[in-house]
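*Asks:* One file: entry25.txt (compact mmCIF, C-alpha atoms).
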```
# COMPACT_ATOMS: atom_id res chain seq x y z
CA MET A 819 -23.76 -183.59 191.31
CA ASP A 820 -24.71 -186.99 190.12
CA LYS A 821 -22.99 -188.95 187.42
CA LYS A 822 -25.67 -188.23 184.84
CA SER A 823 -25.34 -184.49 185.26
CA VAL A 824 -21.58 -184.71 184.83
CA MET A 825 -21.96 -186.55 181.58
CA TYR A 826 -24.36 -183.88 180.25
CA ALA A 827 -21.86 -181.17 181.20
CA VAL A 828 -18.96 -182.94 179.48
CA GLY A 829 -21.04 -183.47 176.33
CA ALA A 830 -22.06 -179.82 176.22
CA LEU A 831 -18.46 -178.74 176.62
CA ALA A 832 -17.38 -181.04 173.77
CA VAL A 833 -20.00 -179.57 171.48
CA ILE A 834 -18.84 -176.05 172.34
CA LEU A 835 -15.22 -177.00 171.61
CA VAL A 836 -16.12 -178.58 168.26
CA ILE A 837 -18.05 -175.46 167.26
CA ALA A 838 -15.26 -173.14 168.39
CA LEU A 839 -12.36 -175.12 167.00
CA VAL A 840 -13.75 -176.72 163.84
CA VAL A 841 -17.04 -175.27 162.62
CA LYS A 842 -16.23 -171.61 163.16
CA PRO A 843 -12.87 -171.65 161.29
CA ILE A 844 -14.53 -173.41 158.38
CA VAL A 845 -17.38 -170.89 158.22
CA THR A 846 -15.24 -167.77 158.73
CA GLY A 847 -12.18 -168.94 156.76
CA GLN A 848 -9.91 -168.18 159.73
CA PRO A 849 -7.17 -170.64 160.72
CA LEU A 850 -7.70 -172.97 163.63
CA ASN A 851 -6.96 -171.06 166.85
CA THR A 852 -5.13 -173.51 169.06
CA GLY A 853 -3.28 -170.85 171.04
CA LEU A 854 0.05 -171.98 169.58
CA PRO A 855 2.22 -169.76 167.29
CA VAL A 856 1.81 -170.57 163.63
CA ALA A 857 4.70 -170.03 161.14
CA MET A 858 3.57 -167.85 158.29
CA THR A 859 4.47 -168.98 154.74
CA PRO A 860 6.23 -166.12 152.97
CA THR A 861 4.44 -164.85 149.86
CA ALA A 862 6.59 -164.66 146.73
CA THR A 863 6.68 -161.23 145.14
CA LEU A 864 6.99 -161.09 141.32
CA ALA A 865 9.12 -158.16 140.29
CA VAL A 866 8.18 -156.93 136.81
CA THR A 867 10.42 -154.46 135.05
CA ILE A 868 8.75 -152.53 132.22
CA SER A 869 11.22 -151.22 129.68
CA PRO A 870 10.37 -148.07 127.75
CA ALA A 871 9.04 -148.64 124.25
CA THR A 872 11.72 -148.93 121.62
CA THR A 873 11.23 -146.83 118.48
CA ALA A 874 12.03 -148.81 115.31
CA THR A 875 14.47 -147.18 112.93
CA VAL A 876 13.37 -147.34 109.27
CA ALA A 877 16.02 -146.92 106.62
CA PRO A 878 15.14 -144.24 104.05
CA LEU A 879 13.81 -145.58 100.70
CA THR A 880 16.34 -145.25 97.93
CA ILE A 881 14.95 -145.05 94.36
CA PRO A 882 17.48 -146.42 91.88
CA GLN A 883 18.39 -144.21 89.00
CA VAL A 884 17.62 -145.88 85.66
CA THR A 885 19.95 -145.06 82.82
CA PRO A 886 18.41 -145.63 79.36
CA SER A 887 20.22 -148.28 77.36
CA ALA A 888 19.95 -146.24 74.19
CA PRO A 889 19.87 -142.49 73.57
CA LEU A 890 16.43 -140.99 73.32
CA PRO A 891 15.34 -140.15 69.77
CA THR A 892 15.67 -136.58 68.75
CA SER A 893 12.70 -134.67 67.46
CA VAL A 894 12.26 -134.54 63.71
CA PRO A 895 12.58 -131.02 62.31
CA THR A 896 9.61 -129.57 60.50
CA TRP A 897 9.60 -130.54 56.83
CA ASN A 898 10.81 -127.70 54.62
CA GLU A 899 8.52 -128.85 51.76
CA ASN A 900 11.45 -129.90 49.55
CA VAL A 901 11.17 -133.41 48.13
CA ILE A 902 13.62 -135.79 49.79
CA ALA A 903 15.64 -138.11 47.56
CA ILE A 904 16.05 -141.52 49.21
CA GLY A 905 19.25 -143.32 48.25
CA PHE A 906 20.33 -146.94 48.52
CA VAL A 907 22.68 -148.59 51.02
CA ASP A 908 24.41 -151.94 51.38
CA PRO A 909 21.68 -154.42 52.50
CA SER A 910 24.16 -156.03 54.90
CA SER A 911 24.01 -152.87 57.02
CA TYR A 912 20.54 -154.04 58.06
CA GLY A 913 21.62 -157.66 58.35
CA ILE A 914 19.64 -158.79 55.31
CA SER A 915 20.41 -160.37 51.96
CA LEU A 916 18.51 -160.00 48.72
CA ASN A 917 19.50 -163.43 47.46
CA PRO A 918 16.92 -165.50 49.42
CA ALA A 919 13.25 -165.19 48.59
CA LEU A 920 11.62 -162.29 50.36
CA PRO A 921 9.33 -163.32 53.24
CA ASN A 922 5.66 -162.60 52.87
CA GLY A 923 4.19 -159.61 54.64
CA SER A 924 0.71 -158.30 55.23
CA ARG A 925 -1.06 -156.32 52.54
CA PHE A 926 -4.47 -154.69 52.50
CA ASN A 927 -6.32 -152.47 50.09
CA THR A 928 -8.28 -149.48 51.28
CA THR A 929 -10.30 -146.77 49.66
CA SER A 930 -10.76 -143.22 50.83
CA PRO A 931 -12.09 -140.01 49.34
CA ASN A 932 -9.70 -138.36 46.94
CA THR A 933 -7.70 -135.66 48.63
CA SER A 934 -4.93 -133.42 47.42
CA THR A 935 -1.47 -134.83 48.11
CA THR A 936 2.04 -133.43 48.04
CA SER A 937 5.22 -135.29 47.17
CA TYR A 938 7.42 -135.85 50.25
CA ALA A 939 10.16 -138.25 49.09
CA LYS A 940 11.10 -140.23 45.97
CA ILE A 941 12.98 -143.42 45.12
CA ALA A 942 14.23 -144.23 41.61
CA GLY A 943 16.20 -147.18 40.28
CA ASN A 944 16.16 -150.25 38.06
CA THR A 945 17.74 -153.04 40.12
CA SER A 946 17.10 -154.66 43.48
CA GLY A 947 18.32 -152.77 46.52
CA THR A 948 17.75 -151.55 50.06
CA THR A 949 17.13 -147.86 50.72
CA GLN A 950 18.27 -145.47 53.36
CA ILE A 951 16.11 -144.91 56.43
CA ILE A 952 13.51 -142.21 55.91
CA THR A 953 11.51 -140.60 58.73
CA ILE A 954 7.86 -139.91 57.94
CA PRO A 955 6.49 -137.53 60.59
CA PHE A 956 2.93 -137.60 59.26
CA PRO A 957 0.15 -139.81 60.73
CA SER A 958 -0.76 -141.21 57.29
CA TRP A 959 0.81 -141.30 53.85
CA GLU A 960 0.63 -143.07 50.53
CA LEU A 961 3.12 -144.65 48.18
CA VAL A 962 2.58 -144.18 44.43
CA TYR A 963 4.77 -146.36 42.22
CA THR A 964 5.22 -147.30 38.58
CA VAL A 965 7.54 -149.52 36.54
CA ASP A 966 8.93 -149.61 33.02
CA PRO A 967 9.39 -153.29 32.13
CA VAL A 968 11.77 -154.66 29.54
CA PRO A 969 9.59 -155.47 26.48
CA PRO A 970 9.43 -159.13 25.47
CA THR A 971 11.75 -160.19 22.65
CA GLU A 972 9.99 -160.56 19.34
CA PRO A 973 10.46 -164.01 17.82
CA GLY A 974 12.96 -164.06 14.94
CA SER A 975 12.43 -165.74 11.52
CA THR A 976 14.69 -166.90 8.79
CA GLN A 977 13.81 -167.38 5.12
CA VAL A 978 14.96 -170.66 3.63
CA ILE A 979 15.60 -170.99 -0.13
CA SER A 980 16.17 -174.38 -1.67
CA THR A 981 15.89 -176.07 -5.02
CA ASN A 982 12.55 -177.46 -3.97
CA GLY A 983 11.03 -174.07 -3.13
CA THR A 984 11.04 -171.39 -0.48
CA GLY A 985 9.79 -171.28 3.08
CA SER A 986 10.47 -169.80 6.48
CA SER A 987 11.35 -171.11 9.91
CA HIS A 988 11.00 -169.49 13.32
CA SER A 989 13.87 -169.39 15.75
CA GLY A 990 13.77 -171.45 18.88
CA ALA A 991 13.71 -168.21 20.91
CA TYR A 992 9.99 -167.89 20.26
CA GLY A 993 8.16 -168.29 23.55
CA SER A 994 11.34 -168.84 25.52
CA TYR A 995 10.90 -165.55 27.39
CA SER A 996 7.41 -166.47 28.63
CA GLY A 997 8.82 -168.29 31.63
CA VAL A 998 10.55 -165.15 32.98
CA LEU A 999 8.30 -162.14 33.45
CA PRO A 1000 9.20 -158.74 34.90
CA GLN A 1001 8.71 -158.60 38.64
CA PHE A 1002 8.65 -155.84 41.22
CA THR A 1003 8.21 -156.30 44.98
CA VAL A 1004 8.56 -153.74 47.77
CA GLN A 1005 8.80 -154.41 51.47
CA VAL A 1006 8.25 -151.57 53.93
CA VAL A 1007 10.22 -152.23 57.13
CA ASP A 1008 9.89 -150.50 60.50
CA ALA A 1009 13.40 -149.14 61.17
CA ALA A 1010 12.87 -149.31 64.94
CA ASP A 1011 11.94 -153.01 64.69
CA PRO A 1012 13.55 -154.71 61.67
CA ASN A 1013 11.54 -157.87 62.37
CA ARG A 1014 8.34 -155.98 61.62
CA PHE A 1015 7.46 -155.88 57.94
CA VAL A 1016 4.81 -153.19 57.72
CA ARG A 1017 3.68 -154.35 54.28
CA THR A 1018 4.84 -156.29 51.23
CA PHE A 1019 3.28 -155.44 47.87
CA SER A 1020 3.65 -156.01 44.12
CA PRO A 1021 1.70 -154.68 41.12
CA PRO A 1022 -1.74 -156.33 41.30
CA GLY A 1023 -2.11 -158.81 38.46
CA GLY A 1024 1.61 -158.78 37.68
CA ILE A 1025 3.51 -156.93 34.94
CA ASN A 1026 2.44 -157.81 31.41
CA LEU A 1027 2.89 -155.32 28.58
CA ASN A 1028 1.10 -157.57 26.06
CA LEU A 1029 -1.95 -157.72 28.30
CA TRP A 1030 -1.91 -153.98 28.87
CA LYS A 1031 -2.00 -153.36 25.11
CA ASN A 1032 -5.44 -154.94 24.98
CA THR A 1033 -6.71 -153.50 28.25
CA SER A 1034 -6.21 -150.29 30.14
CA ASP A 1035 -2.75 -149.64 31.52
CA PRO A 1036 -3.01 -149.90 35.35
CA ARG A 1037 0.06 -147.77 36.08
CA PRO A 1038 0.66 -146.12 38.48
CA TRP A 1039 -0.40 -148.07 41.55
CA THR A 1040 -1.07 -146.64 45.00
CA GLU A 1041 -0.60 -148.09 48.47
CA LYS A 1042 -2.10 -146.17 51.39
CA PHE A 1043 -0.61 -146.35 54.89
CA TYR A 1044 -2.66 -145.37 57.90
CA GLU A 1045 0.27 -145.26 60.26
CA GLY A 1046 3.21 -142.95 60.44
CA GLN A 1047 5.37 -140.72 62.63
CA LYS A 1048 8.02 -143.43 62.40
CA SER A 1049 11.14 -144.25 60.43
CA TYR A 1050 11.16 -146.82 57.63
CA TYR A 1051 13.38 -148.33 54.98
CA PHE A 1052 12.44 -150.20 51.81
CA ILE A 1053 13.65 -153.52 50.42
CA ILE A 1054 13.08 -153.59 46.66
CA LYS A 1055 13.19 -156.68 44.43
CA SER A 1056 13.39 -155.90 40.71
CA THR A 1057 13.57 -158.26 37.72
CA LEU A 1058 13.60 -157.32 34.01
CA LEU A 1059 12.79 -153.66 34.56
CA ASN A 1060 14.26 -150.73 32.66
CA SER A 1061 13.35 -148.51 35.62
CA TYR A 1062 10.97 -148.00 38.50
CA SER A 1063 9.98 -145.00 40.59
CA ILE A 1064 8.34 -144.59 43.96
CA ASP A 1065 6.75 -141.36 45.13
CA ILE A 1066 5.90 -140.99 48.83
CA ARG A 1067 3.06 -138.50 49.11
CA VAL A 1068 1.24 -136.93 52.06
CA PRO A 1069 -2.07 -135.08 52.32
CA THR A 1070 -1.48 -131.48 51.43
CA HIS A 1071 -3.25 -130.23 54.53
CA TYR A 1072 -0.46 -131.88 56.61
CA VAL A 1073 2.14 -129.49 55.15
CA GLY A 1074 3.32 -127.06 57.80
CA ARG A 1075 1.61 -128.94 60.61
CA TYR A 1076 4.30 -131.61 61.17
```
Just dump the structure as structure tokens.

*Replies:*
Amino acid sequence: MDKKSVMYAVGALAVILVIALVVKPIVTGQPLNTGLPVAMTPTATLAVTISPATTATVAPLTIPQVTPSAPLPTSVPTWNENVIAIGFVDPSSYGISLNPALPNGSRFNTTSPNTSTTSYAKIAGNTSGTTQIITIPFPSWELVYTVDPVPPTEPGSTQVISTNGTGSSHSGAYGSYSGVLPQFTVQVVDAADPNRFVRTFSPPGGINLNLWKNTSDPRPWTEKFYEGQKSYYFIIKSTLLNSYSIDIRVPTHYVGRY
């Protein structure tokens, strides 16, 4: 065999070796087969431990017991149709004083068809005062009141006799009473909330006996209340009155229903 043939044989063998040792492992993904033992790299095994699900423990809900700070009101017995007489108490028991001027309250006038009414309670007196608490179980009621004022003092006169003749002179008391007129004011107070003045009222136009002689006498006066089923007390301011009276009246058709 000539030299040229040998070179062709060696070249062919080199190509075969390259294909067998390099190209084939790359294509097949197999490791290079050199005939020598290859140490295998150990594969790490991840051990996973799964614990059983834990059931959450929920504490039972405890509802606190609420104790009322004040005793619940007792039901009002059915009215026995006897008129209740409302007396007076010491104003300090309500934490009030009649010496300062009374605060203003709301007042409104309403009209409604005339209906039959029945007397439920009465107040009578002649001086300022604060009444007992009275429960009115009806949804509406009215307050009818009148006054008997002290009449104005008639001016006095004195006859004067002298050597020069006769004449008369009037006392200085004439007109002195005009600066002080009879007065009457009533405040209706919610007994459950003493800061709430339900209404404050006085005789419309004031109290003037001289005026009433020339015009119609407006007495008595009426105040209608379209609220009820509550307890109230009354603060009364009286000046120069012989007497006054207050009549709390309810619609007659309420009798026996409340």

*Asks:* Taking all listed atoms of stretch 949-959 of chain A, build the axis-aligned box, pad each of the six sides by 4 Å, then write its centre and edge lengths in Å to one decimal as AutoDock Vina command-line options.

*Replies:*
```
--center_x 8.8 --center_y -142.7 --center_z 55.7 --size_x 27.0 --size_y 18.3 --size_z 18.0
```

*Asks:* Please compute the atom CA of A:Tyr938-atom CA of A:Thr1018 distance, one decimal, in Å.

*Replies:*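 One can read the atom CA of A:Tyr938 to atom CA of A:Thr1018 distance as 20.6 Å.
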
*Asks:* One decimal, Å: what's the distance from atom CA of A:Pro969 over to atom CA of A:Asn1028, could you say?

*Replies:*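 So the answer is 8.8 Å.
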
*Asks:* Quick one: everything within 8 Å of stretch 1049-1057 of chain A, counting only C-alpha atoms, minus sequence neighbours fewer than 4 positions away in the same chain. Send it as a count of residues only.

*Replies:* 24

*Asks:* Counting only C-alpha atoms, which residues sit no farther than 12 Å from the position (3.9, -131.0, 47.7) in the file's frame? I'd like them as a PyMOL selection string.

*Replies:* chain A and resi 897-902+934-940+1065-1074

*Asks:* Residues within 8 Å of A:Pro967, please, as a short mmCIF file (atom, residue, chain, number, x, y, z; two decimals) with C-alpha atoms, keeping the file's coordinate frame. Count all atoms listed in the file; anything in the same chain fewer than 4 positions from it doesn't count.

*Replies:*
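Now in part-v6.cif:
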```cif
data_model
loop_
_atom_site.label_atom_id
_atom_site.label_comp_id
_atom_site.auth_asym_id
_atom_site.auth_seq_id
_atom_site.Cartn_x
_atom_site.Cartn_y
_atom_site.Cartn_z
CA PRO A 1000 9.20 -158.74 34.90
CA ILE A 1025 3.51 -156.93 34.94
CA LEU A 1027 2.89 -155.32 28.58
CA LEU A 1058 13.60 -157.32 34.01
CA LEU A 1059 12.79 -153.66 34.56
CA ASN A 1060 14.26 -150.73 32.66
CA SER A 1061 13.35 -148.51 35.62
#
```

*Asks:* Set the distance at 10 Å and use all atoms listed in the file: which residues neighbour stretch 1035-1037 of chain A once local chain neighbours fewer than 3 positions away are removed? I'd like the list as a PDB file with C-alpha atoms, in the frame of the given file.

*Replies:*
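The file below, around_21.pdb, is the result:
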```pdb
ATOM      1  CA  VAL A 962       2.580-144.180  44.430  1.00  0.00           C
ATOM      2  CA  TYR A 963       4.770-146.360  42.220  1.00  0.00           C
ATOM      3  CA  THR A 964       5.220-147.300  38.580  1.00  0.00           C
ATOM      4  CA  VAL A 965       7.540-149.520  36.540  1.00  0.00           C
ATOM      5  CA  ASP A 966       8.930-149.610  33.020  1.00  0.00           C
ATOM      6  CA  PRO A1021       1.700-154.680  41.120  1.00  0.00           C
ATOM      7  CA  PRO A1022      -1.740-156.330  41.300  1.00  0.00           C
ATOM      8  CA  GLY A1023      -2.110-158.810  38.460  1.00  0.00           C
ATOM      9  CA  ILE A1025       3.510-156.930  34.940  1.00  0.00           C
ATOM     10  CA  ASN A1026       2.440-157.810  31.410  1.00  0.00           C
ATOM     11  CA  LEU A1027       2.890-155.320  28.580  1.00  0.00           C
ATOM     12  CA  LEU A1029      -1.950-157.720  28.300  1.00  0.00           C
ATOM     13  CA  TRP A1030      -1.910-153.980  28.870  1.00  0.00           C
ATOM     14  CA  LYS A1031      -2.000-153.360  25.110  1.00  0.00           C
ATOM     15  CA  ASN A1032      -5.440-154.940  24.980  1.00  0.00           C
ATOM     16  CA  THR A1040      -1.070-146.640  45.000  1.00  0.00           C
TER      17      THR A1040
END
```

*Asks:* Calculate how many Å separate atom CA of A:Asp1011 from atom CA of A:Trp1039, rounding to one decimal.

*Replies:*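 Distance between the two atoms: 26.7 Å.
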
*Asks:* Determine the nearest neighbour of A:Gly1046 from the options A:Val833, A:Phe1019, A:Ser1034, A:Ser958, counting all atoms listed in the file.

*Replies:*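 Result for the nearest residue to A:Gly1046: A:Ser958.
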